[in-house]
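**Student:** Structure supplied as protein00.cif; contents: mmCIF, C-alpha atoms.
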data_model
#
loop_
_atom_site.group_PDB
_atom_site.id
_atom_site.type_symbol
_atom_site.label_atom_id
_atom_site.label_comp_id
_atom_site.auth_asym_id
_atom_site.auth_seq_id
_atom_site.Cartn_x
_atom_site.Cartn_y
_atom_site.Cartn_z
ATOM 1 C CA MET A 1 -30.370 34.194 32.044
ATOM 2 C CA ALA A 2 -28.607 33.210 35.254
ATOM 3 C CA GLY A 3 -30.749 30.121 35.648
ATOM 4 C CA ASN A 4 -29.824 28.736 32.211
ATOM 5 C CA SER A 5 -26.163 28.102 32.891
ATOM 6 C CA ASN A 6 -26.589 24.484 31.856
ATOM 7 C CA ARG A 7 -27.597 25.286 28.267
ATOM 8 C CA ARG A 8 -25.344 23.994 25.530
ATOM 9 C CA GLY A 9 -22.770 26.609 24.569
ATOM 10 C CA ALA A 10 -23.123 28.625 27.744
ATOM 11 C CA ILE A 11 -20.003 30.520 28.733
ATOM 12 C CA ARG A 12 -19.109 32.774 31.633
ATOM 13 C CA LYS A 13 -18.288 36.341 30.751
ATOM 14 C CA SER A 14 -16.188 38.280 33.192
ATOM 15 C CA GLY A 15 -17.688 41.398 34.686
ATOM 16 C CA THR A 16 -21.308 40.349 34.293
ATOM 17 C CA LYS A 17 -23.796 39.792 37.066
ATOM 18 C CA LYS A 18 -25.953 37.427 35.034
ATOM 19 C CA GLY A 19 -23.508 34.592 35.130
ATOM 20 C CA GLN A 20 -23.125 32.241 32.173
ATOM 21 C CA VAL A 21 -24.882 33.219 28.905
ATOM 22 C CA VAL A 22 -24.767 31.937 25.297
ATOM 23 C CA GLY A 23 -22.393 33.914 23.058
ATOM 24 C CA SER A 24 -22.973 34.931 19.415
ATOM 25 C CA GLY A 25 -20.084 32.806 18.179
ATOM 26 C CA GLY A 26 -18.511 35.849 16.508
ATOM 27 C CA GLN A 27 -21.375 36.250 14.043
ATOM 28 C CA ARG A 28 -21.850 39.920 14.748
ATOM 29 C CA ARG A 29 -18.118 40.546 14.442
ATOM 30 C CA ARG A 30 -17.934 38.715 11.115
ATOM 31 C CA GLY A 31 -20.951 40.639 9.918
ATOM 32 C CA LEU A 32 -19.060 43.873 10.419
ATOM 33 C CA GLU A 33 -16.024 42.704 8.424
ATOM 34 C CA ALA A 34 -15.505 44.038 4.856
ATOM 35 C CA ARG A 35 -16.695 41.704 2.090
ATOM 36 C CA GLY A 36 -14.545 43.111 -0.731
ATOM 37 C CA ALA A 37 -15.524 45.031 -3.835
ATOM 38 C CA THR A 38 -18.995 44.579 -5.296
ATOM 39 C CA PRO A 39 -18.812 42.314 -8.386
ATOM 40 C CA ARG A 40 -19.473 43.928 -11.734
ATOM 41 C CA ALA A 41 -23.034 43.719 -13.009
ATOM 42 C CA GLU A 42 -21.834 41.498 -15.872
ATOM 43 C CA ASP A 43 -20.377 39.009 -13.372
ATOM 44 C CA ARG A 44 -23.576 38.637 -11.354
ATOM 45 C CA THR A 45 -25.563 35.763 -12.906
ATOM 46 C CA TYR A 46 -28.910 37.179 -11.739
ATOM 47 C CA HIS A 47 -28.302 40.645 -13.240
ATOM 48 C CA PRO A 48 -29.739 41.592 -16.697
ATOM 49 C CA ALA A 49 -26.310 42.920 -17.687
ATOM 50 C CA HIS A 50 -24.926 39.389 -17.307
ATOM 51 C CA ARG A 51 -27.420 38.030 -19.820
ATOM 52 C CA LYS A 52 -26.678 40.862 -22.229
ATOM 53 C CA ALA A 53 -22.939 40.214 -21.968
ATOM 54 C CA LYS A 54 -23.469 36.507 -22.693
ATOM 55 C CA ALA A 55 -25.609 37.333 -25.729
ATOM 56 C CA ALA A 56 -22.989 39.793 -27.025
ATOM 57 C CA LYS A 57 -20.283 37.162 -26.580
ATOM 58 C CA ARG A 58 -22.303 34.631 -28.566
ATOM 59 C CA GLN A 59 -22.817 37.175 -31.347
ATOM 60 C CA GLU A 60 -19.096 37.940 -31.466
ATOM 61 C CA GLN A 61 -18.242 34.244 -31.602
ATOM 62 C CA GLY A 62 -20.714 33.814 -34.456
ATOM 63 C CA ALA A 63 -19.205 36.761 -36.291
ATOM 64 C CA GLN A 64 -15.717 35.315 -35.863
ATOM 65 C CA GLN A 65 -16.873 31.979 -37.246
ATOM 66 C CA ARG A 66 -18.433 33.725 -40.241
ATOM 67 C CA ARG A 67 -15.219 35.673 -40.859
ATOM 68 C CA ARG A 68 -13.168 32.477 -40.653
ATOM 69 C CA HIS A 69 -15.588 30.790 -43.046
ATOM 70 C CA ALA A 70 -15.387 33.723 -45.464
ATOM 71 C CA GLN A 71 -11.585 33.716 -45.273
ATOM 72 C CA LYS A 72 -11.537 29.969 -45.900
ATOM 73 C CA GLN A 73 -13.755 30.455 -48.923
ATOM 74 C CA ALA A 74 -11.561 33.297 -50.175
ATOM 75 C CA ASP A 75 -8.490 31.091 -49.868
ATOM 76 C CA GLY A 76 -10.165 28.174 -51.678
ATOM 77 C CA PRO A 77 -11.372 27.635 -55.254
ATOM 78 C CA GLU A 78 -13.888 30.135 -56.598
ATOM 79 C CA LEU A 79 -16.767 29.634 -59.014
ATOM 80 C CA VAL A 80 -17.306 32.247 -61.744
ATOM 81 C CA VAL A 81 -20.891 32.036 -62.966
ATOM 82 C CA GLY A 82 -22.847 33.531 -65.836
ATOM 83 C CA ARG A 83 -22.252 32.950 -69.524
ATOM 84 C CA ASN A 84 -20.578 36.255 -70.356
ATOM 85 C CA PRO A 85 -18.210 36.243 -67.320
ATOM 86 C CA VAL A 86 -17.248 32.609 -67.940
ATOM 87 C CA VAL A 87 -16.508 33.243 -71.614
ATOM 88 C CA GLU A 88 -14.557 36.408 -70.764
ATOM 89 C CA CYS A 89 -12.439 34.527 -68.209
ATOM 90 C CA LEU A 90 -11.722 31.716 -70.664
ATOM 91 C CA ARG A 91 -10.821 34.181 -73.424
ATOM 92 C CA ALA A 92 -8.469 35.993 -71.049
ATOM 93 C CA GLY A 93 -6.720 32.741 -70.161
ATOM 94 C CA ALA A 94 -7.840 32.732 -66.554
ATOM 95 C CA PRO A 95 -6.593 29.662 -64.700
ATOM 96 C CA ALA A 96 -9.436 27.162 -64.332
ATOM 97 C CA THR A 97 -9.788 23.628 -63.057
ATOM 98 C CA ALA A 98 -13.316 22.703 -64.133
ATOM 99 C CA LEU A 99 -16.255 23.903 -66.203
ATOM 100 C CA TYR A 100 -19.686 22.987 -64.809
ATOM 101 C CA VAL A 101 -22.640 22.823 -67.208
ATOM 102 C CA ALA A 102 -26.172 22.254 -65.961
ATOM 103 C CA VAL A 103 -28.067 19.319 -67.446
ATOM 104 C CA GLY A 104 -30.539 20.605 -70.012
ATOM 105 C CA ALA A 105 -28.949 24.066 -70.263
ATOM 106 C CA GLU A 106 -30.050 25.838 -73.419
ATOM 107 C CA ALA A 107 -27.151 26.011 -75.822
ATOM 108 C CA ASP A 108 -26.172 29.317 -77.411
ATOM 109 C CA GLU A 109 -22.989 30.829 -78.875
ATOM 110 C CA ARG A 110 -21.530 31.671 -75.472
ATOM 111 C CA LEU A 111 -22.105 28.217 -74.004
ATOM 112 C CA THR A 112 -20.724 26.576 -77.129
ATOM 113 C CA GLU A 113 -17.616 28.765 -77.048
ATOM 114 C CA ALA A 114 -17.069 28.123 -73.348
ATOM 115 C CA VAL A 115 -17.195 24.351 -73.848
ATOM 116 C CA ARG A 116 -14.926 24.546 -76.902
ATOM 117 C CA VAL A 117 -12.273 26.743 -75.232
ATOM 118 C CA ALA A 118 -12.340 24.642 -72.070
ATOM 119 C CA SER A 119 -11.877 21.501 -74.136
ATOM 120 C CA ASP A 120 -8.984 23.037 -76.084
ATOM 121 C CA ARG A 121 -7.271 24.039 -72.827
ATOM 122 C CA GLY A 122 -7.731 20.639 -71.242
ATOM 123 C CA ILE A 123 -10.137 21.913 -68.571
ATOM 124 C CA SER A 124 -12.467 19.264 -67.149
ATOM 125 C CA ILE A 125 -16.058 19.676 -68.359
ATOM 126 C CA LEU A 126 -18.602 18.335 -65.885
ATOM 127 C CA GLU A 127 -22.333 18.056 -66.578
ATOM 128 C CA VAL A 128 -24.233 18.367 -63.302
ATOM 129 C CA PRO A 129 -27.903 18.645 -62.294
ATOM 130 C CA ARG A 130 -29.137 22.217 -62.137
ATOM 131 C CA ASN A 131 -29.939 21.794 -58.441
ATOM 132 C CA ASP A 132 -26.281 20.988 -57.733
ATOM 133 C CA LEU A 133 -25.209 24.137 -59.543
ATOM 134 C CA ASP A 134 -27.813 26.101 -57.571
ATOM 135 C CA ARG A 135 -26.274 24.884 -54.305
ATOM 136 C CA MET A 136 -22.747 25.655 -55.486
ATOM 137 C CA THR A 137 -23.621 29.257 -56.366
ATOM 138 C CA SER A 138 -26.085 29.985 -53.521
ATOM 139 C CA ASN A 139 -28.055 32.499 -55.627
ATOM 140 C CA GLY A 140 -29.046 30.531 -58.736
ATOM 141 C CA LEU A 141 -27.803 33.267 -61.101
ATOM 142 C CA HIS A 142 -25.465 30.953 -62.975
ATOM 143 C CA GLN A 143 -27.323 30.698 -66.331
ATOM 144 C CA GLY A 144 -26.499 27.008 -66.393
ATOM 145 C CA ILE A 145 -22.726 27.381 -66.349
ATOM 146 C CA GLY A 146 -19.925 27.881 -63.846
ATOM 147 C CA LEU A 147 -16.142 28.028 -64.091
ATOM 148 C CA GLN A 148 -14.064 26.897 -61.112
ATOM 149 C CA VAL A 149 -10.870 28.892 -60.681
ATOM 150 C CA PRO A 150 -8.087 28.240 -58.141
ATOM 151 C CA PRO A 151 -7.189 30.751 -55.393
ATOM 152 C CA TYR A 152 -5.869 33.993 -56.860
ATOM 153 C CA SER A 153 -2.102 34.393 -56.906
ATOM 154 C CA TYR A 154 -1.310 37.921 -55.737
ATOM 155 C CA THR A 155 1.775 39.798 -56.905
ATOM 156 C CA ASP A 156 4.292 41.186 -54.443
ATOM 157 C CA PRO A 157 3.877 45.002 -54.157
ATOM 158 C CA ALA A 158 7.587 45.618 -54.804
ATOM 159 C CA ASP A 159 7.474 43.474 -57.940
ATOM 160 C CA LEU A 160 4.369 45.274 -59.176
ATOM 161 C CA LEU A 161 6.003 48.696 -58.760
ATOM 162 C CA ARG A 162 9.208 47.525 -60.412
ATOM 163 C CA ALA A 163 7.352 46.166 -63.442
ATOM 164 C CA ALA A 164 5.330 49.387 -63.769
ATOM 165 C CA MET A 165 8.412 51.618 -63.556
ATOM 166 C CA ASP A 166 10.239 49.463 -66.120
ATOM 167 C CA ALA A 167 7.373 49.636 -68.616
ATOM 168 C CA PRO A 168 7.862 51.714 -71.818
ATOM 169 C CA GLU A 169 5.108 54.153 -70.813
ATOM 170 C CA PRO A 170 4.930 56.045 -67.487
ATOM 171 C CA ALA A 171 3.692 53.949 -64.584
ATOM 172 C CA LEU A 172 -0.021 54.072 -63.861
ATOM 173 C CA LEU A 173 -1.156 52.175 -60.766
ATOM 174 C CA VAL A 174 -4.340 52.149 -58.686
ATOM 175 C CA ALA A 175 -4.462 51.616 -54.915
ATOM 176 C CA LEU A 176 -7.749 50.903 -53.157
ATOM 177 C CA ASP A 177 -8.381 52.099 -49.595
ATOM 178 C CA ASN A 178 -11.452 50.865 -47.670
ATOM 179 C CA ILE A 179 -12.998 49.183 -50.715
ATOM 180 C CA THR A 180 -14.893 46.204 -49.285
ATOM 181 C CA ASP A 181 -17.284 45.413 -52.153
ATOM 182 C CA PRO A 182 -15.774 42.799 -54.513
ATOM 183 C CA ARG A 183 -17.904 44.181 -57.353
ATOM 184 C CA ASN A 184 -16.169 47.537 -57.003
ATOM 185 C CA LEU A 185 -12.810 45.775 -56.931
ATOM 186 C CA GLY A 186 -13.606 43.842 -60.087
ATOM 187 C CA ALA A 187 -14.851 46.979 -61.845
ATOM 188 C CA VAL A 188 -11.680 48.900 -60.902
ATOM 189 C CA ILE A 189 -9.504 46.070 -62.203
ATOM 190 C CA ARG A 190 -11.449 46.119 -65.463
ATOM 191 C CA SER A 191 -11.117 49.913 -65.837
ATOM 192 C CA THR A 192 -7.410 49.845 -64.965
ATOM 193 C CA SER A 193 -6.781 47.233 -67.625
ATOM 194 C CA ALA A 194 -8.934 49.051 -70.198
ATOM 195 C CA PHE A 195 -7.117 52.384 -69.779
ATOM 196 C CA GLY A 196 -3.558 51.088 -69.813
ATOM 197 C CA GLY A 197 -2.889 50.783 -66.079
ATOM 198 C CA HIS A 198 -0.180 48.438 -64.866
ATOM 199 C CA GLY A 199 -1.805 46.981 -61.755
ATOM 200 C CA VAL A 200 -3.933 47.374 -58.639
ATOM 201 C CA LEU A 201 -2.879 47.409 -54.995
ATOM 202 C CA ILE A 202 -5.204 46.368 -52.158
ATOM 203 C CA PRO A 203 -4.622 45.958 -48.399
ATOM 204 C CA GLU A 204 -4.742 42.537 -46.788
ATOM 205 C CA ARG A 205 -7.260 43.547 -44.145
ATOM 206 C CA ARG A 206 -10.576 45.393 -44.341
ATOM 207 C CA SER A 207 -10.640 45.041 -48.103
ATOM 208 C CA ALA A 208 -12.361 43.024 -50.776
ATOM 209 C CA SER A 209 -10.255 40.254 -52.277
ATOM 210 C CA ILE A 210 -10.305 38.429 -55.602
ATOM 211 C CA THR A 211 -13.374 36.251 -55.200
ATOM 212 C CA ALA A 212 -15.786 34.823 -57.761
ATOM 213 C CA VAL A 213 -17.762 38.081 -57.578
ATOM 214 C CA ALA A 214 -14.644 40.111 -58.341
ATOM 215 C CA TRP A 215 -13.726 37.739 -61.176
ATOM 216 C CA ARG A 216 -17.176 38.211 -62.648
ATOM 217 C CA SER A 217 -17.112 42.014 -62.305
ATOM 218 C CA SER A 218 -13.664 42.218 -63.886
ATOM 219 C CA ALA A 219 -14.949 40.288 -66.935
ATOM 220 C CA GLY A 220 -11.680 38.358 -67.134
ATOM 221 C CA ALA A 221 -9.396 41.365 -66.615
ATOM 222 C CA ALA A 222 -8.174 39.868 -63.321
ATOM 223 C CA ALA A 223 -6.379 37.242 -65.407
ATOM 224 C CA ARG A 224 -4.478 39.894 -67.379
ATOM 225 C CA LEU A 225 -3.781 42.573 -64.777
ATOM 226 C CA PRO A 226 -1.581 41.916 -61.722
ATOM 227 C CA VAL A 227 -3.082 42.620 -58.310
ATOM 228 C CA ALA A 228 -0.831 43.023 -55.259
ATOM 229 C CA ARG A 229 -1.776 42.832 -51.601
ATOM 230 C CA ALA A 230 -0.032 44.996 -48.989
ATOM 231 C CA THR A 231 0.295 44.175 -45.303
ATOM 232 C CA ASN A 232 0.163 47.910 -44.539
ATOM 233 C CA LEU A 233 -1.261 50.052 -47.334
ATOM 234 C CA ASN A 234 0.016 53.390 -46.042
ATOM 235 C CA ARG A 235 3.560 52.107 -45.553
ATOM 236 C CA THR A 236 3.576 50.534 -49.017
ATOM 237 C CA LEU A 237 2.374 53.746 -50.634
ATOM 238 C CA LEU A 238 5.156 55.690 -48.906
ATOM 239 C CA GLU A 239 7.673 53.198 -50.281
ATOM 240 C CA TRP A 240 6.182 53.536 -53.742
ATOM 241 C CA ALA A 241 6.369 57.328 -53.515
ATOM 242 C CA LYS A 242 10.157 57.075 -53.211
ATOM 243 C CA SER A 243 10.249 55.886 -56.819
ATOM 244 C CA GLY A 244 9.202 59.343 -57.977
ATOM 245 C CA ALA A 245 5.574 58.496 -58.728
ATOM 246 C CA GLN A 246 2.914 60.974 -57.647
ATOM 247 C CA LEU A 247 0.347 59.817 -55.063
ATOM 248 C CA VAL A 248 -3.028 61.193 -56.143
ATOM 249 C CA GLY A 249 -5.989 60.679 -53.817
ATOM 250 C CA LEU A 250 -9.568 60.967 -55.058
ATOM 251 C CA ASP A 251 -12.034 62.967 -52.991
ATOM 252 C CA ALA A 252 -15.034 65.141 -53.804
ATOM 253 C CA GLY A 253 -13.517 67.944 -51.710
ATOM 254 C CA GLY A 254 -10.108 67.792 -53.349
ATOM 255 C CA ASP A 255 -7.917 70.841 -53.847
ATOM 256 C CA VAL A 256 -7.108 70.057 -57.496
ATOM 257 C CA SER A 257 -9.619 69.515 -60.292
ATOM 258 C CA LEU A 258 -9.213 66.649 -62.723
ATOM 259 C CA ASP A 259 -9.441 69.251 -65.514
ATOM 260 C CA ASP A 260 -6.225 70.870 -64.282
ATOM 261 C CA TYR A 261 -4.159 67.848 -63.324
ATOM 262 C CA ASP A 262 -1.345 66.476 -65.478
ATOM 263 C CA GLY A 263 -1.499 62.701 -65.319
ATOM 264 C CA THR A 264 1.110 61.975 -67.967
ATOM 265 C CA GLY A 265 3.893 61.162 -65.489
ATOM 266 C CA PRO A 266 4.268 58.158 -63.180
ATOM 267 C CA THR A 267 1.082 58.225 -61.117
ATOM 268 C CA ILE A 268 -0.536 56.197 -58.371
ATOM 269 C CA VAL A 269 -4.275 56.835 -58.098
ATOM 270 C CA VAL A 270 -5.566 56.165 -54.579
ATOM 271 C CA VAL A 271 -9.297 55.469 -54.378
ATOM 272 C CA GLY A 272 -11.273 55.470 -51.138
ATOM 273 C CA SER A 273 -14.716 54.077 -50.450
ATOM 274 C CA GLU A 274 -17.843 56.015 -51.319
ATOM 275 C CA GLY A 275 -18.862 56.189 -47.660
ATOM 276 C CA LYS A 276 -15.654 56.509 -45.614
ATOM 277 C CA GLY A 277 -13.417 58.009 -48.272
ATOM 278 C CA LEU A 278 -9.659 57.914 -47.787
ATOM 279 C CA SER A 279 -8.105 56.935 -44.477
ATOM 280 C CA ARG A 280 -6.579 59.844 -42.564
ATOM 281 C CA LEU A 281 -2.949 58.722 -42.904
ATOM 282 C CA VAL A 282 -3.346 57.782 -46.559
ATOM 283 C CA ARG A 283 -4.910 61.157 -47.317
ATOM 284 C CA GLU A 284 -2.156 63.044 -45.470
ATOM 285 C CA ASN A 285 0.561 61.255 -47.435
ATOM 286 C CA CYS A 286 -0.945 61.938 -50.874
ATOM 287 C CA ASP A 287 0.822 64.572 -52.959
ATOM 288 C CA SER A 288 -2.499 65.851 -54.315
ATOM 289 C CA ILE A 289 -6.194 65.356 -53.593
ATOM 290 C CA LEU A 290 -8.068 65.263 -56.857
ATOM 291 C CA SER A 291 -11.744 66.068 -57.371
ATOM 292 C CA ILE A 292 -13.855 65.173 -60.389
ATOM 293 C CA PRO A 293 -16.094 67.944 -61.775
ATOM 294 C CA ILE A 294 -19.685 66.685 -61.678
ATOM 295 C CA ALA A 295 -23.167 68.176 -61.867
ATOM 296 C CA SER A 296 -24.280 69.787 -58.639
ATOM 297 C CA GLU A 297 -27.316 67.495 -58.471
ATOM 298 C CA VAL A 298 -25.019 64.484 -57.941
ATOM 299 C CA GLU A 299 -23.443 64.282 -54.495
ATOM 300 C CA SER A 300 -20.743 61.693 -55.211
ATOM 301 C CA LEU A 301 -19.618 58.957 -57.561
ATOM 302 C CA ASN A 302 -19.242 55.265 -56.948
ATOM 303 C CA ALA A 303 -15.599 54.344 -56.235
ATOM 304 C CA SER A 304 -15.191 52.277 -59.388
ATOM 305 C CA VAL A 305 -16.898 54.951 -61.520
ATOM 306 C CA ALA A 306 -14.613 57.650 -60.096
ATOM 307 C CA ALA A 307 -11.545 55.530 -60.760
ATOM 308 C CA GLY A 308 -12.705 54.869 -64.317
ATOM 309 C CA ALA A 309 -13.257 58.588 -64.986
ATOM 310 C CA VAL A 310 -9.766 59.533 -63.760
ATOM 311 C CA LEU A 311 -8.053 56.692 -65.600
ATOM 312 C CA SER A 312 -9.890 57.585 -68.795
ATOM 313 C CA GLU A 313 -8.714 61.210 -68.560
ATOM 314 C CA PHE A 314 -5.119 60.187 -67.846
ATOM 315 C CA ALA A 315 -5.192 57.777 -70.799
ATOM 316 C CA ARG A 316 -6.459 60.608 -73.031
ATOM 317 C CA GLN A 317 -3.669 62.930 -71.868
ATOM 318 C CA ARG A 318 -1.057 60.276 -72.610
ATOM 319 C CA ARG A 319 -2.426 59.654 -76.089
ATOM 320 C CA VAL A 320 -2.314 63.360 -76.863
ATOM 321 C CA GLN A 321 1.261 63.643 -75.610
ATOM 322 C CA ARG A 322 2.596 60.978 -77.981
#
Is it possible to express this structure as structure tokens?
**Tutor:**
Amino acid sequence: MAGNSNRRGAIRKSGTKKGQVVGSGGQRRRGLEARGATPRAEDRTYHPAHRKAKAAKRQEQGAQQRRRHAQKQADGPELVVGRNPVVECLRAGAPATALYVAVGAEADERLTEAVRVASDRGISILEVPRNDLDRMTSNGLHQGIGLQVPPYSYTDPADLLRAAMDAPEPALLVALDNITDPRNLGAVIRSTSAFGGHGVLIPERRSASITAVAWRSSAGAAARLPVARATNLNRTLLEWAKSGAQLVGLDAGGDVSLDDYDGTGPTIVVVGSEGKGLSRLVRENCDSILSIPIASEVESLNASVAAGAVLSEFARQRRVQR
């Protein structure tokens, strides 16, 4: 108003009849200026998406910690438990650093043999409370005995192939693709050893490794049969194929039946998981995809069972050929 020219902040605007008035201080002009792009929902602390993103991040961090812990355990000493597995490992000459026996464990032939063999080999025999052995095994299925073995020493893939090709009989190797269960790995190692195979190849990532569970499932065969680990499974298989060995993938929908396949030559059997099967690139690079004739009521076979069936048939063919 014209009569309020003495108010604080009053200014005179040219071209007005009202005289001096208070200005807005540029607030309306600043209000019309662009404020930039709207932040993502995840970046707005009050938005539900922000809380969900934080929860997902915590879960991922927890998963990473668990993977690091599992890797650390895989790289450290392992404990083989159970009387039969421990005796089998000792009979096979598996490397061991200590034999744990629970206080008050009922003695039988297997326990007596385990203690005797460990003593003969100079392996430390430690008597511990059963509760301590329970904590060391996490599941209590130790039957009062546990054998500590050092980290597994993997063979170089090139050395494994060379040894197999130099063997008196045709090379027979098994490669595992997408096998993440250590029990399957141990069972495949056991079958490969039983049917005259020369070794097993596994990838470094997304694969089971030689842990206490695998040792137990292999029943000591992991001490006799070399296992190699490849940085890139597909690339290693292509290198192996240059040696003249046939790459044979196993799949229920294979184009060749086990009944019709000649497995007497150098052969590399590639086994995929029961769920995912063979990886696309691995499957494409196989010379043949082999199927196992089974009853129609059964949809598929466990990976280790399928490997055992094929290896058994190949071993039979090689015996007949001699």
**Student:** Could you list, as a PDB file with C-alpha atoms, keeping the file's coordinate frame, every residue matched by the PyMOL selection byres ((chain A and resi 260-276) around 9) in this structure?
**Tutor:**
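This is the output file out28.pdb:
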ATOM      1  CA  ALA A 164       5.330  49.387 -63.769  1.00  0.00           C
ATOM      2  CA  MET A 165       8.412  51.618 -63.556  1.00  0.00           C
ATOM      3  CA  GLU A 169       5.108  54.153 -70.813  1.00  0.00           C
ATOM      4  CA  PRO A 170       4.930  56.045 -67.487  1.00  0.00           C
ATOM      5  CA  ALA A 171       3.692  53.949 -64.584  1.00  0.00           C
ATOM      6  CA  LEU A 172      -0.021  54.072 -63.861  1.00  0.00           C
ATOM      7  CA  LEU A 173      -1.156  52.175 -60.766  1.00  0.00           C
ATOM      8  CA  VAL A 174      -4.340  52.149 -58.686  1.00  0.00           C
ATOM      9  CA  ALA A 175      -4.462  51.616 -54.915  1.00  0.00           C
ATOM     10  CA  LEU A 176      -7.749  50.903 -53.157  1.00  0.00           C
ATOM     11  CA  ASP A 177      -8.381  52.099 -49.595  1.00  0.00           C
ATOM     12  CA  ASN A 178     -11.452  50.865 -47.670  1.00  0.00           C
ATOM     13  CA  ILE A 179     -12.998  49.183 -50.715  1.00  0.00           C
ATOM     14  CA  THR A 180     -14.893  46.204 -49.285  1.00  0.00           C
ATOM     15  CA  LEU A 237       2.374  53.746 -50.634  1.00  0.00           C
ATOM     16  CA  TRP A 240       6.182  53.536 -53.742  1.00  0.00           C
ATOM     17  CA  ALA A 241       6.369  57.328 -53.515  1.00  0.00           C
ATOM     18  CA  GLY A 244       9.202  59.343 -57.977  1.00  0.00           C
ATOM     19  CA  ALA A 245       5.574  58.496 -58.728  1.00  0.00           C
ATOM     20  CA  GLN A 246       2.914  60.974 -57.647  1.00  0.00           C
ATOM     21  CA  LEU A 247       0.347  59.817 -55.063  1.00  0.00           C
ATOM     22  CA  VAL A 248      -3.028  61.193 -56.143  1.00  0.00           C
ATOM     23  CA  GLY A 249      -5.989  60.679 -53.817  1.00  0.00           C
ATOM     24  CA  LEU A 250      -9.568  60.967 -55.058  1.00  0.00           C
ATOM     25  CA  ASP A 251     -12.034  62.967 -52.991  1.00  0.00           C
ATOM     26  CA  VAL A 256      -7.108  70.057 -57.496  1.00  0.00           C
ATOM     27  CA  SER A 257      -9.619  69.515 -60.292  1.00  0.00           C
ATOM     28  CA  LEU A 258      -9.213  66.649 -62.723  1.00  0.00           C
ATOM     29  CA  ASP A 259      -9.441  69.251 -65.514  1.00  0.00           C
ATOM     30  CA  GLY A 277     -13.417  58.009 -48.272  1.00  0.00           C
ATOM     31  CA  LEU A 278      -9.659  57.914 -47.787  1.00  0.00           C
ATOM     32  CA  SER A 279      -8.105  56.935 -44.477  1.00  0.00           C
ATOM     33  CA  VAL A 282      -3.346  57.782 -46.559  1.00  0.00           C
ATOM     34  CA  ARG A 283      -4.910  61.157 -47.317  1.00  0.00           C
ATOM     35  CA  CYS A 286      -0.945  61.938 -50.874  1.00  0.00           C
ATOM     36  CA  LEU A 290      -8.068  65.263 -56.857  1.00  0.00           C
ATOM     37  CA  SER A 300     -20.743  61.693 -55.211  1.00  0.00           C
ATOM     38  CA  LEU A 301     -19.618  58.957 -57.561  1.00  0.00           C
ATOM     39  CA  ASN A 302     -19.242  55.265 -56.948  1.00  0.00           C
ATOM     40  CA  ALA A 303     -15.599  54.344 -56.235  1.00  0.00           C
ATOM     41  CA  SER A 304     -15.191  52.277 -59.388  1.00  0.00           C
ATOM     42  CA  ALA A 306     -14.613  57.650 -60.096  1.00  0.00           C
ATOM     43  CA  ALA A 307     -11.545  55.530 -60.760  1.00  0.00           C
ATOM     44  CA  VAL A 310      -9.766  59.533 -63.760  1.00  0.00           C
ATOM     45  CA  LEU A 311      -8.053  56.692 -65.600  1.00  0.00           C
ATOM     46  CA  GLU A 313      -8.714  61.210 -68.560  1.00  0.00           C
ATOM     47  CA  PHE A 314      -5.119  60.187 -67.846  1.00  0.00           C
ATOM     48  CA  ALA A 315      -5.192  57.777 -70.799  1.00  0.00           C
ATOM     49  CA  GLN A 317      -3.669  62.930 -71.868  1.00  0.00           C
ATOM     50  CA  ARG A 318      -1.057  60.276 -72.610  1.00  0.00           C
ATOM     51  CA  GLN A 321       1.261  63.643 -75.610  1.00  0.00           C
TER      52      GLN A 321
END
**Student:** Box for segment 317-322 of chain A - axis-aligned, 4 Å on each of the six sides, all listed atoms - centre and size in Å to one decimal, as lines of an AutoDock Vina configuration file.
**Tutor:**
center_x = -0.5
center_y = 61.6
center_z = -74.9
size_x = 14.3
size_y = 12.0
size_z = 14.1
**Student:** So how far away is atom CA of Ala98 of chain A from atom CA of Val115 of chain A, in Å?
**Tutor:**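 Atom CA of Val115 of chain A sits 10.6 Å away from atom CA of Ala98 of chain A.
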**Student:** Hey, which of A:Asn285, A:Thr137, A:Thr97, A:Thr211 ends up closest to Pro182 of chain A? Count only C-alpha atoms.
**Tutor:**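 Distance minimum relative to Pro182 of chain A lands on A:Thr211.
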**Student:** In Å, with one decimal, what is the gap from atom CA of Ala63 of chain A to atom CA of Glu204 of chain A?
**Tutor:**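 Atom CA of Glu204 of chain A lies 18.8 Å from atom CA of Ala63 of chain A.
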**Student:** Name the closest residue to Ala96 of chain A among the candidates A:Pro39, A:Gly144, A:Pro151, A:Gly82; distances are taken between atoms, counting all atoms listed in the file.
**Tutor:**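 Using all atoms listed in the file, the shortest distance to Ala96 of chain A belongs to A:Pro151.
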**Student:** Please, what distance in Å, to one decimal, runs between atom CA of Val81 of chain A and atom CA of Ile189 of chain A?
**Tutor:** 18.1 Å
**Student:** I need the residue nearest Asp166 of chain A from this list: A:Thr231, A:Ala92, A:Ser243, A:Gly308. Use only C-alpha atoms for the distance.
**Tutor:**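 The closest residue to Asp166 of chain A is A:Ser243.
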**Student:** Hey, what comes out of the PyMOL selection byres ((chain A and resi 199) around 6) on this file? Could you write it as a PDB file with C-alpha atoms, in the coordinates of the input?
**Tutor:**
ATOM      1  CA  LEU A 173      -1.156  52.175 -60.766  1.00  0.00           C
ATOM      2  CA  GLY A 197      -2.889  50.783 -66.079  1.00  0.00           C
ATOM      3  CA  HIS A 198      -0.180  48.438 -64.866  1.00  0.00           C
ATOM      4  CA  VAL A 200      -3.933  47.374 -58.639  1.00  0.00           C
ATOM      5  CA  LEU A 225      -3.781  42.573 -64.777  1.00  0.00           C
ATOM      6  CA  PRO A 226      -1.581  41.916 -61.722  1.00  0.00           C
ATOM      7  CA  VAL A 227      -3.082  42.620 -58.310  1.00  0.00           C
TER       8      VAL A 227
END
